[in-house]
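Student: File follows, structure_35.csv with CSV, C-alpha atoms and all ligand atoms:
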chain,number,residue,atom,x,y,z
P,1,VAL,CA,103.7,150.9,161.3
P,2,SER,CA,102.0,147.8,162.7
P,3,LEU,CA,101.8,144.4,161.0
P,4,ALA,CA,98.0,144.8,160.9
P,5,ASP,CA,98.4,147.9,158.7
P,6,LEU,CA,100.7,146.1,156.4
P,7,LEU,CA,98.4,143.2,156.1
P,8,ALA,CA,95.5,145.4,155.3
P,9,LEU,CA,97.3,147.4,152.6
P,10,ALA,CA,99.1,144.4,151.1
P,11,GLY,CA,96.0,142.2,150.6
P,12,ASP,CA,96.8,139.2,148.4
P,13,ALA,CA,100.5,140.2,148.3
P,14,ALA,CA,100.8,139.1,151.9
P,15,THR,CA,100.9,135.5,153.1
P,16,PRO,CA,100.9,134.6,156.8
P,17,ARG,CA,103.1,131.7,157.9
P,18,ALA,CA,104.6,131.3,154.4
P,19,PRO,CA,107.3,128.8,153.7
P,20,LEU,CA,110.7,130.4,154.0
P,21,GLY,CA,113.2,127.6,154.0
P,22,ALA,CA,111.7,126.4,150.7
P,23,ARG,CA,112.9,129.7,149.2
P,24,THR,CA,116.5,128.8,149.9
P,25,THR,CA,118.7,126.5,147.9
P,26,SER,CA,119.6,124.5,151.0
P,27,ARG,CA,115.8,123.8,151.3
P,28,VAL,CA,115.8,123.7,155.1
P,29,GLY,CA,114.3,126.1,157.6
P,30,GLY,CA,110.9,127.2,158.7
P,31,VAL,CA,108.3,129.7,157.8
P,32,ALA,CA,108.0,133.5,157.8
P,33,ARG,CA,105.4,135.1,160.1
P,34,LEU,CA,104.4,137.2,157.0
P,35,LEU,CA,105.7,137.1,153.5
P,36,VAL,CA,105.1,140.1,151.2
P,37,GLU,CA,105.7,139.6,147.5
P,38,ILE,CA,106.2,142.8,145.7
P,39,SER,CA,105.3,142.3,142.0
P,40,SER,CA,106.5,145.5,140.4
P,41,PRO,CA,107.9,149.0,141.1
P,42,ALA,CA,104.3,150.4,141.1
P,43,GLU,CA,103.4,147.9,143.8
P,44,LEU,CA,106.4,148.9,145.8
P,45,ALA,CA,105.3,152.5,145.6
P,46,ARG,CA,101.9,151.5,146.8
P,47,LEU,CA,103.1,149.5,149.7
P,48,ALA,CA,106.0,151.8,150.7
P,49,PRO,CA,104.2,153.6,153.5
P,50,ALA,CA,103.3,150.2,155.2
P,51,LEU,CA,106.9,148.9,154.8
P,52,THR,CA,108.5,151.9,156.4
P,53,GLY,CA,109.4,151.9,160.0
P,54,LEU,CA,107.8,148.5,160.7
P,55,GLU,CA,107.7,147.4,164.3
P,56,VAL,CA,109.0,143.9,163.5
P,57,PRO,CA,112.2,142.7,161.8
P,58,LEU,CA,112.4,142.6,158.0
P,59,LEU,CA,114.3,140.2,155.8
P,60,VAL,CA,114.7,140.5,152.1
P,61,VAL,CA,115.0,137.1,150.3
P,62,GLY,CA,116.4,136.9,146.8
P,63,LEU,CA,117.0,133.5,145.2
P,64,GLY,CA,118.0,132.2,148.7
P,65,SER,CA,121.4,130.9,147.4
P,66,ASN,CA,123.4,132.4,150.3
P,67,LEU,CA,120.8,132.2,153.1
P,68,LEU,CA,120.4,129.7,155.8
P,69,VAL,CA,117.2,130.2,157.9
P,70,ALA,CA,116.4,128.5,161.2
P,71,ASP,CA,113.7,126.0,161.7
P,72,GLY,CA,110.5,127.3,163.3
P,73,GLU,CA,109.1,130.7,162.5
P,74,TYR,CA,110.9,133.8,161.5
P,75,ASP,CA,109.2,136.4,163.7
P,76,GLY,CA,109.1,139.2,161.2
P,77,VAL,CA,108.3,140.2,157.6
P,78,VAL,CA,110.0,138.6,154.7
P,79,VAL,CA,110.0,140.7,151.5
P,80,ALA,CA,110.5,139.1,148.0
P,81,LEU,CA,110.5,140.8,144.6
P,82,GLY,CA,108.4,139.5,141.7
P,83,ALA,CA,108.6,139.4,137.9
P,84,GLY,CA,108.3,143.1,137.5
P,85,PHE,CA,111.8,143.4,138.9
P,86,ALA,CA,113.4,141.0,136.4
P,87,GLU,CA,114.0,143.2,133.4
P,88,LEU,CA,117.3,143.4,131.5
P,89,SER,CA,118.1,146.2,129.0
P,90,TRP,CA,121.2,148.0,127.8
P,91,ARG,CA,122.3,151.0,125.7
P,92,GLU,CA,125.6,152.0,124.1
P,93,ASP,CA,127.5,155.0,125.4
P,94,GLY,CA,130.6,155.3,123.3
P,95,ASP,CA,132.8,152.2,123.9
P,96,THR,CA,130.8,151.2,127.0
P,97,ILE,CA,127.5,149.5,127.4
P,98,ILE,CA,125.3,150.6,130.2
P,99,VAL,CA,123.2,147.6,131.4
P,100,SER,CA,120.2,147.9,133.6
P,101,ALA,CA,119.1,144.7,135.5
P,102,GLY,CA,116.2,144.2,137.8
P,103,ALA,CA,117.1,143.0,141.3
P,104,ALA,CA,115.1,139.8,141.0
P,105,LEU,CA,116.8,138.7,137.8
P,106,ALA,CA,119.1,135.7,138.1
P,107,LEU,CA,122.8,136.3,137.3
P,108,PRO,CA,123.2,133.2,135.0
P,109,VAL,CA,120.2,134.4,132.9
P,110,ALA,CA,121.8,137.8,132.5
P,111,ALA,CA,125.3,136.4,131.8
P,112,ARG,CA,124.0,134.2,129.0
P,113,ARG,CA,121.8,136.9,127.4
P,114,LEU,CA,124.6,139.5,127.5
P,115,SER,CA,127.3,137.2,126.1
P,116,ASP,CA,125.0,136.0,123.4
P,117,ALA,CA,124.5,139.7,122.4
P,118,GLY,CA,128.3,140.4,122.4
P,119,VAL,CA,128.1,142.5,125.6
P,120,VAL,CA,131.2,141.2,127.5
P,121,GLY,CA,132.6,141.4,131.0
P,122,PHE,CA,129.9,139.5,132.8
P,123,GLU,CA,130.6,135.9,131.7
P,124,TRP,CA,132.1,135.0,135.1
P,125,ALA,CA,128.6,135.4,136.7
P,126,VAL,CA,127.1,132.5,134.8
P,127,GLY,CA,127.8,130.0,137.6
P,128,ILE,CA,126.5,132.0,140.5
P,129,PRO,CA,122.8,131.1,141.1
P,130,GLY,CA,121.8,134.3,142.9
P,131,SER,CA,119.7,137.4,142.0
P,132,PHE,CA,121.2,140.8,141.2
P,133,GLY,CA,119.9,142.1,144.6
P,134,GLY,CA,121.7,139.4,146.6
P,135,ALA,CA,124.8,139.6,144.4
P,136,VAL,CA,125.2,143.3,145.0
P,137,VAL,CA,124.6,142.9,148.8
P,138,MET,CA,127.2,140.1,148.9
P,139,ASN,CA,129.6,141.4,146.2
P,140,ALA,CA,129.3,138.0,144.6
P,141,GLY,CA,132.2,136.9,142.5
P,142,GLY,CA,134.2,134.1,141.0
P,143,HIS,CA,136.3,133.1,137.9
P,144,GLY,CA,138.2,136.4,138.1
P,145,GLY,CA,135.2,138.7,138.3
P,146,GLN,CA,133.1,140.3,141.1
P,147,MET,CA,130.2,142.7,141.2
P,148,ALA,CA,132.4,145.4,142.5
P,149,ASP,CA,134.2,145.5,139.1
P,150,VAL,CA,131.1,146.0,137.0
P,151,VAL,CA,128.5,147.8,139.2
P,152,ALA,CA,128.1,151.5,138.5
P,153,ALA,CA,125.1,152.1,140.8
P,154,ALA,CA,122.2,150.4,142.5
P,155,GLU,CA,118.7,151.7,143.0
P,156,VAL,CA,117.9,151.2,146.7
P,157,PHE,CA,114.6,151.5,148.6
P,158,SER,CA,115.1,152.3,152.3
P,159,PHE,CA,112.8,150.6,154.8
P,160,GLN,CA,113.8,153.4,157.2
P,161,THR,CA,112.9,156.4,155.1
P,162,GLY,CA,110.4,154.9,152.7
P,163,THR,CA,112.2,156.4,149.7
P,164,SER,CA,114.3,155.1,146.8
P,165,ARG,CA,117.6,156.6,145.7
P,166,CYS,CA,120.3,155.8,143.3
P,167,ARG,CA,123.5,154.8,145.2
P,168,PRO,CA,126.7,155.0,143.1
P,169,ALA,CA,129.3,152.2,143.5
P,170,SER,CA,131.5,154.6,145.6
P,171,ASP,CA,128.7,154.6,148.2
P,172,LEU,CA,128.4,150.8,148.3
P,173,ALA,CA,131.7,150.1,150.0
P,174,PHE,CA,132.3,146.8,148.2
P,175,ARG,CA,134.7,144.4,149.9
P,176,TYR,CA,135.2,140.6,149.9
P,177,ARG,CA,131.7,139.1,150.0
P,178,ALA,CA,130.2,142.2,151.6
P,179,SER,CA,129.0,145.8,150.9
P,180,ALA,CA,127.6,148.7,152.8
P,181,LEU,CA,124.0,147.5,152.2
P,182,THR,CA,122.1,146.5,155.3
P,183,ALA,CA,118.9,144.8,156.3
P,184,HIS,CA,117.2,148.2,156.0
P,185,ASP,CA,117.9,148.3,152.3
P,186,LEU,CA,116.0,146.8,149.3
P,187,VAL,CA,117.9,146.8,146.1
P,188,THR,CA,115.4,147.1,143.2
P,189,SER,CA,117.7,147.5,140.2
P,190,VAL,CA,121.4,147.5,139.3
P,191,THR,CA,123.4,149.4,136.7
P,192,LEU,CA,126.5,147.7,135.2
P,193,THR,CA,129.2,149.1,133.0
P,194,LEU,CA,130.3,146.6,130.4
P,195,THR,CA,131.8,146.7,126.9
P,196,ARG,CA,131.1,145.5,123.4
P,197,GLY,CA,133.1,142.5,122.5
P,198,ASP,CA,133.3,139.1,120.7
P,199,ALA,CA,130.0,137.2,121.2
P,200,GLU,CA,131.6,133.9,120.2
P,201,ALA,CA,134.5,134.2,122.6
P,202,ALA,CA,132.1,135.2,125.4
P,203,LYS,CA,129.9,132.2,124.7
P,204,VAL,CA,132.9,129.9,124.8
P,205,ALA,CA,133.9,131.4,128.2
P,206,VAL,CA,130.4,130.8,129.5
P,207,ARG,CA,130.4,127.2,128.4
P,208,GLU,CA,133.8,126.6,130.0
P,209,ILE,CA,132.7,128.1,133.3
P,210,VAL,CA,129.6,126.0,133.4
P,211,ALA,CA,131.6,122.9,132.6
P,212,TRP,CA,134.2,123.8,135.3
P,213,ARG,CA,131.4,124.1,137.9
P,214,ARG,CA,129.9,120.8,136.9
P,215,THR,CA,133.2,119.1,137.4
P,216,ASN,CA,134.4,120.8,140.5
P,217,GLN,CA,131.3,121.5,142.5
P,218,PRO,CA,128.6,119.2,143.9
P,219,GLY,CA,125.0,119.3,142.8
P,220,GLY,CA,122.0,118.8,145.2
P,221,ALA,CA,120.7,121.1,147.9
P,222,ASN,CA,123.5,123.4,149.1
P,223,ALA,CA,124.2,127.1,149.5
P,224,GLY,CA,127.6,127.3,147.7
P,225,SER,CA,130.7,128.2,149.7
P,226,VAL,CA,129.8,128.0,153.4
P,227,PHE,CA,132.9,129.8,154.8
P,228,MET,CA,134.7,132.8,153.5
P,229,ASN,CA,138.3,132.3,152.5
P,230,PRO,CA,140.7,133.5,155.2
P,231,GLN,CA,143.3,136.2,154.3
P,232,THR,CA,145.7,133.5,153.1
P,233,GLY,CA,144.7,130.1,151.7
P,234,SER,CA,141.3,128.6,151.0
P,235,ALA,CA,138.6,127.6,153.4
P,236,GLY,CA,138.0,124.4,151.4
P,237,GLN,CA,141.7,123.3,151.8
P,238,LEU,CA,141.7,124.0,155.5
P,239,ILE,CA,138.5,121.9,156.0
P,240,GLU,CA,139.9,119.1,153.9
P,241,ALA,CA,143.2,119.2,155.8
P,242,ALA,CA,141.2,118.9,159.0
P,243,GLY,CA,139.9,115.6,157.7
P,244,LEU,CA,136.4,116.8,157.5
P,245,LYS,CA,135.4,115.7,154.0
P,246,GLY,CA,132.2,113.6,154.4
P,247,ALA,CA,131.7,114.7,158.1
P,248,ARG,CA,128.1,114.5,159.0
P,249,VAL,CA,125.5,115.8,161.4
P,250,GLY,CA,122.0,114.4,160.9
P,251,GLY,CA,121.0,115.1,157.3
P,252,ALA,CA,123.9,117.5,156.5
P,253,HIS,CA,127.4,116.5,155.4
P,254,VAL,CA,130.6,118.1,154.1
P,255,SER,CA,130.9,117.4,150.3
P,256,ASP,CA,133.5,114.9,149.2
P,257,LYS,CA,134.0,116.9,146.0
P,258,HIS,CA,134.5,120.4,147.5
P,259,ALA,CA,135.0,120.6,151.3
P,260,ASN,CA,133.6,124.2,151.6
P,261,PHE,CA,130.2,122.9,150.5
P,262,ILE,CA,127.6,121.4,152.8
P,263,LEU,CA,125.1,119.1,151.2
P,264,VAL,CA,121.7,118.9,152.7
P,265,ASP,CA,119.5,115.7,152.4
P,266,ALA,CA,115.8,115.9,152.0
P,267,GLY,CA,114.3,115.8,155.5
P,268,ALA,CA,117.3,117.4,157.2
P,269,SER,CA,116.8,120.4,159.5
P,270,ALA,CA,118.5,123.8,159.5
P,271,ALA,CA,119.8,122.8,163.0
P,272,ASP,CA,121.7,119.9,161.4
P,273,VAL,CA,123.4,122.3,158.9
P,274,VAL,CA,124.4,124.9,161.5
P,275,ALA,CA,125.6,122.2,164.0
P,276,LEU,CA,127.9,120.9,161.2
P,277,MET,CA,129.1,124.4,160.6
P,278,VAL,CA,130.0,124.7,164.2
P,279,LEU,CA,131.8,121.4,164.2
P,280,VAL,CA,133.8,122.4,161.1
P,281,ARG,CA,134.7,125.8,162.4
P,282,ASP,CA,135.8,124.5,165.8
P,283,ARG,CA,137.8,121.6,164.3
P,284,VAL,CA,139.6,123.9,161.8
P,285,ARG,CA,140.4,126.3,164.6
P,286,THR,CA,142.0,123.4,166.5
P,287,THR,CA,143.9,122.0,163.6
P,288,SER,CA,145.1,125.2,161.9
P,289,GLY,CA,144.4,128.1,164.3
P,290,VAL,CA,142.3,129.8,161.6
P,291,ASN,CA,138.9,131.2,162.6
P,292,LEU,CA,136.6,130.5,159.7
P,293,GLU,CA,133.8,133.0,159.3
P,294,SER,CA,130.5,132.2,157.7
P,295,GLU,CA,129.9,133.4,154.2
P,296,LEU,CA,126.2,132.3,154.5
P,297,ARG,CA,123.8,134.8,155.9
P,298,LEU,CA,122.4,133.0,159.0
P,299,VAL,CA,118.9,134.1,160.0
P,300,GLY,CA,117.3,133.2,163.4
P,301,PHE,CA,120.0,130.9,164.9
P,302,ALA,CA,120.9,133.0,167.9
P,303,GLY,CA,122.6,130.6,170.4
P,304,GLN,CA,123.0,127.8,167.8
P,305,TRP,CA,125.8,129.8,166.0
P,306,PRO,CA,127.9,130.9,169.0
Z,401,LIG,C1,125.9,126.2,143.9
Z,401,LIG,C2,126.2,127.6,144.4
Z,401,LIG,C3,127.3,128.2,143.9
Z,401,LIG,C4,127.7,129.5,144.4
Z,401,LIG,N1,128.8,130.1,143.9
Z,401,LIG,C5,129.1,131.4,144.3
Z,401,LIG,C6,130.3,132.0,143.8
Z,401,LIG,O1,131.0,131.5,143.0
Z,401,LIG,N2,130.6,133.3,144.2
Z,401,LIG,C7,129.8,133.9,145.1
Z,401,LIG,O2,130.1,135.0,145.5
Z,401,LIG,N3,128.7,133.3,145.6
Z,401,LIG,C8,128.3,132.1,145.2
Z,401,LIG,N4,127.2,131.5,145.7
Z,401,LIG,C9,126.4,132.2,146.7
Z,401,LIG,C10,125.2,133.0,146.2
Z,401,LIG,O3,124.8,132.6,144.9
Z,401,LIG,C11,125.6,134.5,146.1
Z,401,LIG,O4,125.9,135.1,147.3
Z,401,LIG,C12,124.4,135.3,145.5
Z,401,LIG,O5,124.8,136.6,145.2
Z,401,LIG,C13,123.2,135.4,146.5
Z,401,LIG,O6,122.1,136.0,145.8
Z,401,LIG,P1,120.6,135.6,146.2
Z,401,LIG,O7,119.6,136.3,145.4
Z,401,LIG,O8,120.4,134.1,146.3
Z,401,LIG,O9,120.6,136.2,147.7
Z,401,LIG,P2,119.9,135.5,149.0
Z,401,LIG,O10,120.6,134.3,149.4
Z,401,LIG,O11,118.4,135.5,148.9
Z,401,LIG,O12,120.3,136.7,150.1
Z,401,LIG,C14,121.6,137.0,150.4
Z,401,LIG,C15,121.7,138.3,151.2
Z,401,LIG,O13,121.3,139.3,150.3
Z,401,LIG,C16,120.1,140.0,150.8
Z,401,LIG,N5,119.3,140.3,149.6
Z,401,LIG,C17,118.9,139.5,148.6
Z,401,LIG,N6,118.2,140.2,147.7
Z,401,LIG,C18,118.2,141.5,148.1
Z,401,LIG,C19,117.6,142.7,147.6
Z,401,LIG,N7,116.9,142.7,146.4
Z,401,LIG,N8,117.8,143.8,148.3
Z,401,LIG,C20,118.5,143.8,149.5
Z,401,LIG,N9,119.0,142.7,150.0
Z,401,LIG,C21,118.9,141.5,149.3
Z,401,LIG,C22,119.5,139.0,151.7
Z,401,LIG,O14,118.7,139.7,152.7
Z,401,LIG,C23,120.7,138.3,152.3
Z,401,LIG,O15,121.3,139.1,153.3
Z,401,LIG,C24,126.8,130.2,145.3
Z,401,LIG,C25,125.7,129.6,145.8
Z,401,LIG,C26,125.3,128.3,145.3
Z,401,LIG,C27,124.1,127.6,145.8
Go through the file and emit its structure as structure tokens.
Ligand SMILES: Cc1cc2nc3c(=O)[nH]c(=O)nc-3n(C[C@H](O)[C@H](O)[C@H](O)COP(=O)(O)OP(=O)(O)OC[C@H]3O[C@@H](n4cnc5c(N)ncnc54)[C@H](O)[C@@H]3O)c2cc1C
Tutor:
Amino acid sequence: VSLADLLALAGDAATPRAPLGARTTSRVGGVARLLVEISSPAELARLAPALTGLEVPLLVVGLGSNLLVADGEYDGVVVALGAGFAELSWREDGDTIIVSAGAALALPVAARRLSDAGVVGFEWAVGIPGSFGGAVVMNAGGHGGQMADVVAAAEVFSFQTGTSRCRPASDLAFRYRASALTAHDLVTSVTLTLTRGDAEAAKVAVREIVAWRRTNQPGGANAGSVFMNPQTGSAGQLIEAAGLKGARVGGAHVSDKHANFILVDAGASAADVVALMVLVRDRVRTTSGVNLESELRLVGFAGQWP
């Protein structure tokens, strides 16, 4: 399928040269050659033929809280899901609660609504500012929980076949901050298995997690943890031990509060952020022998992230 066919079919849903960096929480990076916003499952069904087997690269963007996109133009199609993919519902099945969440829904919103209703087991997600789609792809986790522990299945549209299918957790190969889902997959909804429990206790847990994050993590423009923790130890401790707290390249610097966070000033470039990542990775390799790997999904950096 050609880009012209997609443009013709998508109409108002397609925006040429749309801001892309602005859709990420680091708020740096350039534009997308074409952005397609899919408002609802019906709209996905309508656009499916033009999104299948496209001749240019495709990138799905969720809430952009784990993405770093390069300056300049992303030479492909960026797909984003709209409000028709943000539903949350649940039903009882014996002792378990089967939850259905749209892929565009934010984890903190779901964590609060579920705990308020006494549906427990998802409180840990309140501090993770991603969407269900991005969280399944990344197997997001923290505070003792992770998506792998609660996801029963995901509904996934394939950009290769143009069809959707329900993929059970056993097919998603969850591991630390990764899954079997690739750039050819669009998660549209997620099914969780949770339990009925004490709403008051769940609400206390949510408040404690929010307070812990405020105390221990920096605010401002950032994308959360930049590097994955190595097999032993924590990336933040290695970066701090290398004396890199406060290290700066252009408008990007290593947080003084949490060394695995990079804070991005207004007016910084994506090149600043990735150059600082290279500096941190190389210095930690020299000081500790550990090869830190990016947790962020880097898009379009080619030679800048060798
Ligand atoms: C302040 C802060 C704190 C954070 N804390 C944590 C934490 O404690 N634990 C943790 O695990 N992460 C954390 N993160 C990282 C991030 O929130 C998670 O990785 C989150 O799951 C990403 O979701 P997203 O919607 O923002 O995805 P994006 O950043 O938009 O995308 C991430 C990846 O998922 C893909 N993707 C997104 N949506 C879809 C979809 N619908 N279908 C298919 N692919 C999709 C993208 O193509 C990309 O490869 C933090 C980030 C910030 C900014």
Student: Could you list, as a ChimeraX atom specification, all residues that come within 7 Å of ligand LIG 401 (chain Z)? Count all atoms listed in the file.
Tutor: /P:24-25,59-67,81,103-104,127-142,177,183,185-188,222-225,297
Student: Find the residue from P:Val290, P:Ala48, P:Ala205, P:Ala154 that sits nearest to Ala180 (chain P); use only C-alpha atoms when measuring.
Tutor: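 That would be P:Ala154, the residue with the smallest distance to Ala180 (chain P).
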Student: Ranking P:Phe157, P:Phe85, P:Phe227, P:Phe122 by minimum distance to Ile209 (chain P) and counting only C-alpha atoms, which one comes first?
Tutor: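 Among P:Phe157, P:Phe85, P:Phe227, P:Phe122, it is P:Phe122 that comes nearest to Ile209 (chain P).
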Student: What's around Arg91 (chain P) at 12 Å? Count only C-alpha atoms, leave out sequence neighbours fewer than 5 positions away in its own chain, and write the answer as a ChimeraX atom specification.
Tutor: /P:96-100,114,117,119,191-196
Student: Rounded to one decimal place, report the CA of Val120 (chain P)-CA of Leu105 (chain P) distance in Å.
Tutor: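 One can read the CA of Val120 (chain P) to CA of Leu105 (chain P) distance as 17.9 Å.
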Student: For CA of Val1 (chain P) and CA of Pro49 (chain P), determine how far apart the two atoms are, in Å to one decimal place.
Tutor: 8.3 Å
Student: What is the CA of Val210 (chain P) to CA of Ala169 (chain P) distance in Å?
Tutor: 28.1 Å
Student: Near Arg17 (chain P), within 7 Å and counting all atoms listed in the file, which residues show up once chain neighbours fewer than 4 positions away are dropped, as a list in words?
Tutor: Val31, Ala32, Arg33 and Leu34 of chain P
Student: I need the residues from that last selection saved to file as a PDB file, in the coordinates of the input (with C-alpha atoms), if you can.
Tutor:
ATOM      1  CA  VAL P  31     108.300 129.700 157.800  1.00  0.00           C
ATOM      2  CA  ALA P  32     108.000 133.500 157.800  1.00  0.00           C
ATOM      3  CA  ARG P  33     105.400 135.100 160.100  1.00  0.00           C
ATOM      4  CA  LEU P  34     104.400 137.200 157.000  1.00  0.00           C
TER       5      LEU P  34
END
Student: Here's a test: counting only C-alpha atoms, identify every protein, DNA and RNA residue with an atom at most 6 Å from (111.5, 126.9, 161.1) in the file's coordinate frame, and state them as a PDB file with C-alpha atoms, in the frame of the given file.
Tutor:
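Below is the file point16.pdb, written as the result:
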ATOM      1  CA  GLY P  29     114.300 126.100 157.600  1.00  0.00           C
ATOM      2  CA  GLY P  30     110.900 127.200 158.700  1.00  0.00           C
ATOM      3  CA  VAL P  31     108.300 129.700 157.800  1.00  0.00           C
ATOM      4  CA  ALA P  70     116.400 128.500 161.200  1.00  0.00           C
ATOM      5  CA  ASP P  71     113.700 126.000 161.700  1.00  0.00           C
ATOM      6  CA  GLY P  72     110.500 127.300 163.300  1.00  0.00           C
ATOM      7  CA  GLU P  73     109.100 130.700 162.500  1.00  0.00           C
TER       8      GLU P  73
END
Student: Let me make sure I understand: among P:Ser189, P:Asn260, P:Thr182, P:Thr286, which one has the smallest atom-to-atom distance to Gly84 (chain P) if we use all atoms listed in the file?
Tutor: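 Distance minimum relative to Gly84 (chain P) lands on P:Ser189.
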Student: Pick from P:Ala202, P:Ala83, P:Ala252, P:Leu58: nearest to Gln160 (chain P), with only C-alpha atoms counted?
Tutor: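 Ranking P:Ala202, P:Ala83, P:Ala252, P:Leu58 by distance to Gln160 (chain P), first place goes to P:Leu58.
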Student: Out of P:Arg281, P:Arg214, P:Arg248, P:His184, which residue has the shortest atom-to-atom distance to Gly53 (chain P) when counting only C-alpha atoms?
Tutor: P:His184
Student: Nearest to Ala199 (chain P) among P:Thr52, P:Gln304, P:Ser115, P:Ser26, with distances taken over all atoms listed in the file: which residue is it?
Tutor: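 Nearest to Ala199 (chain P): P:Ser115.
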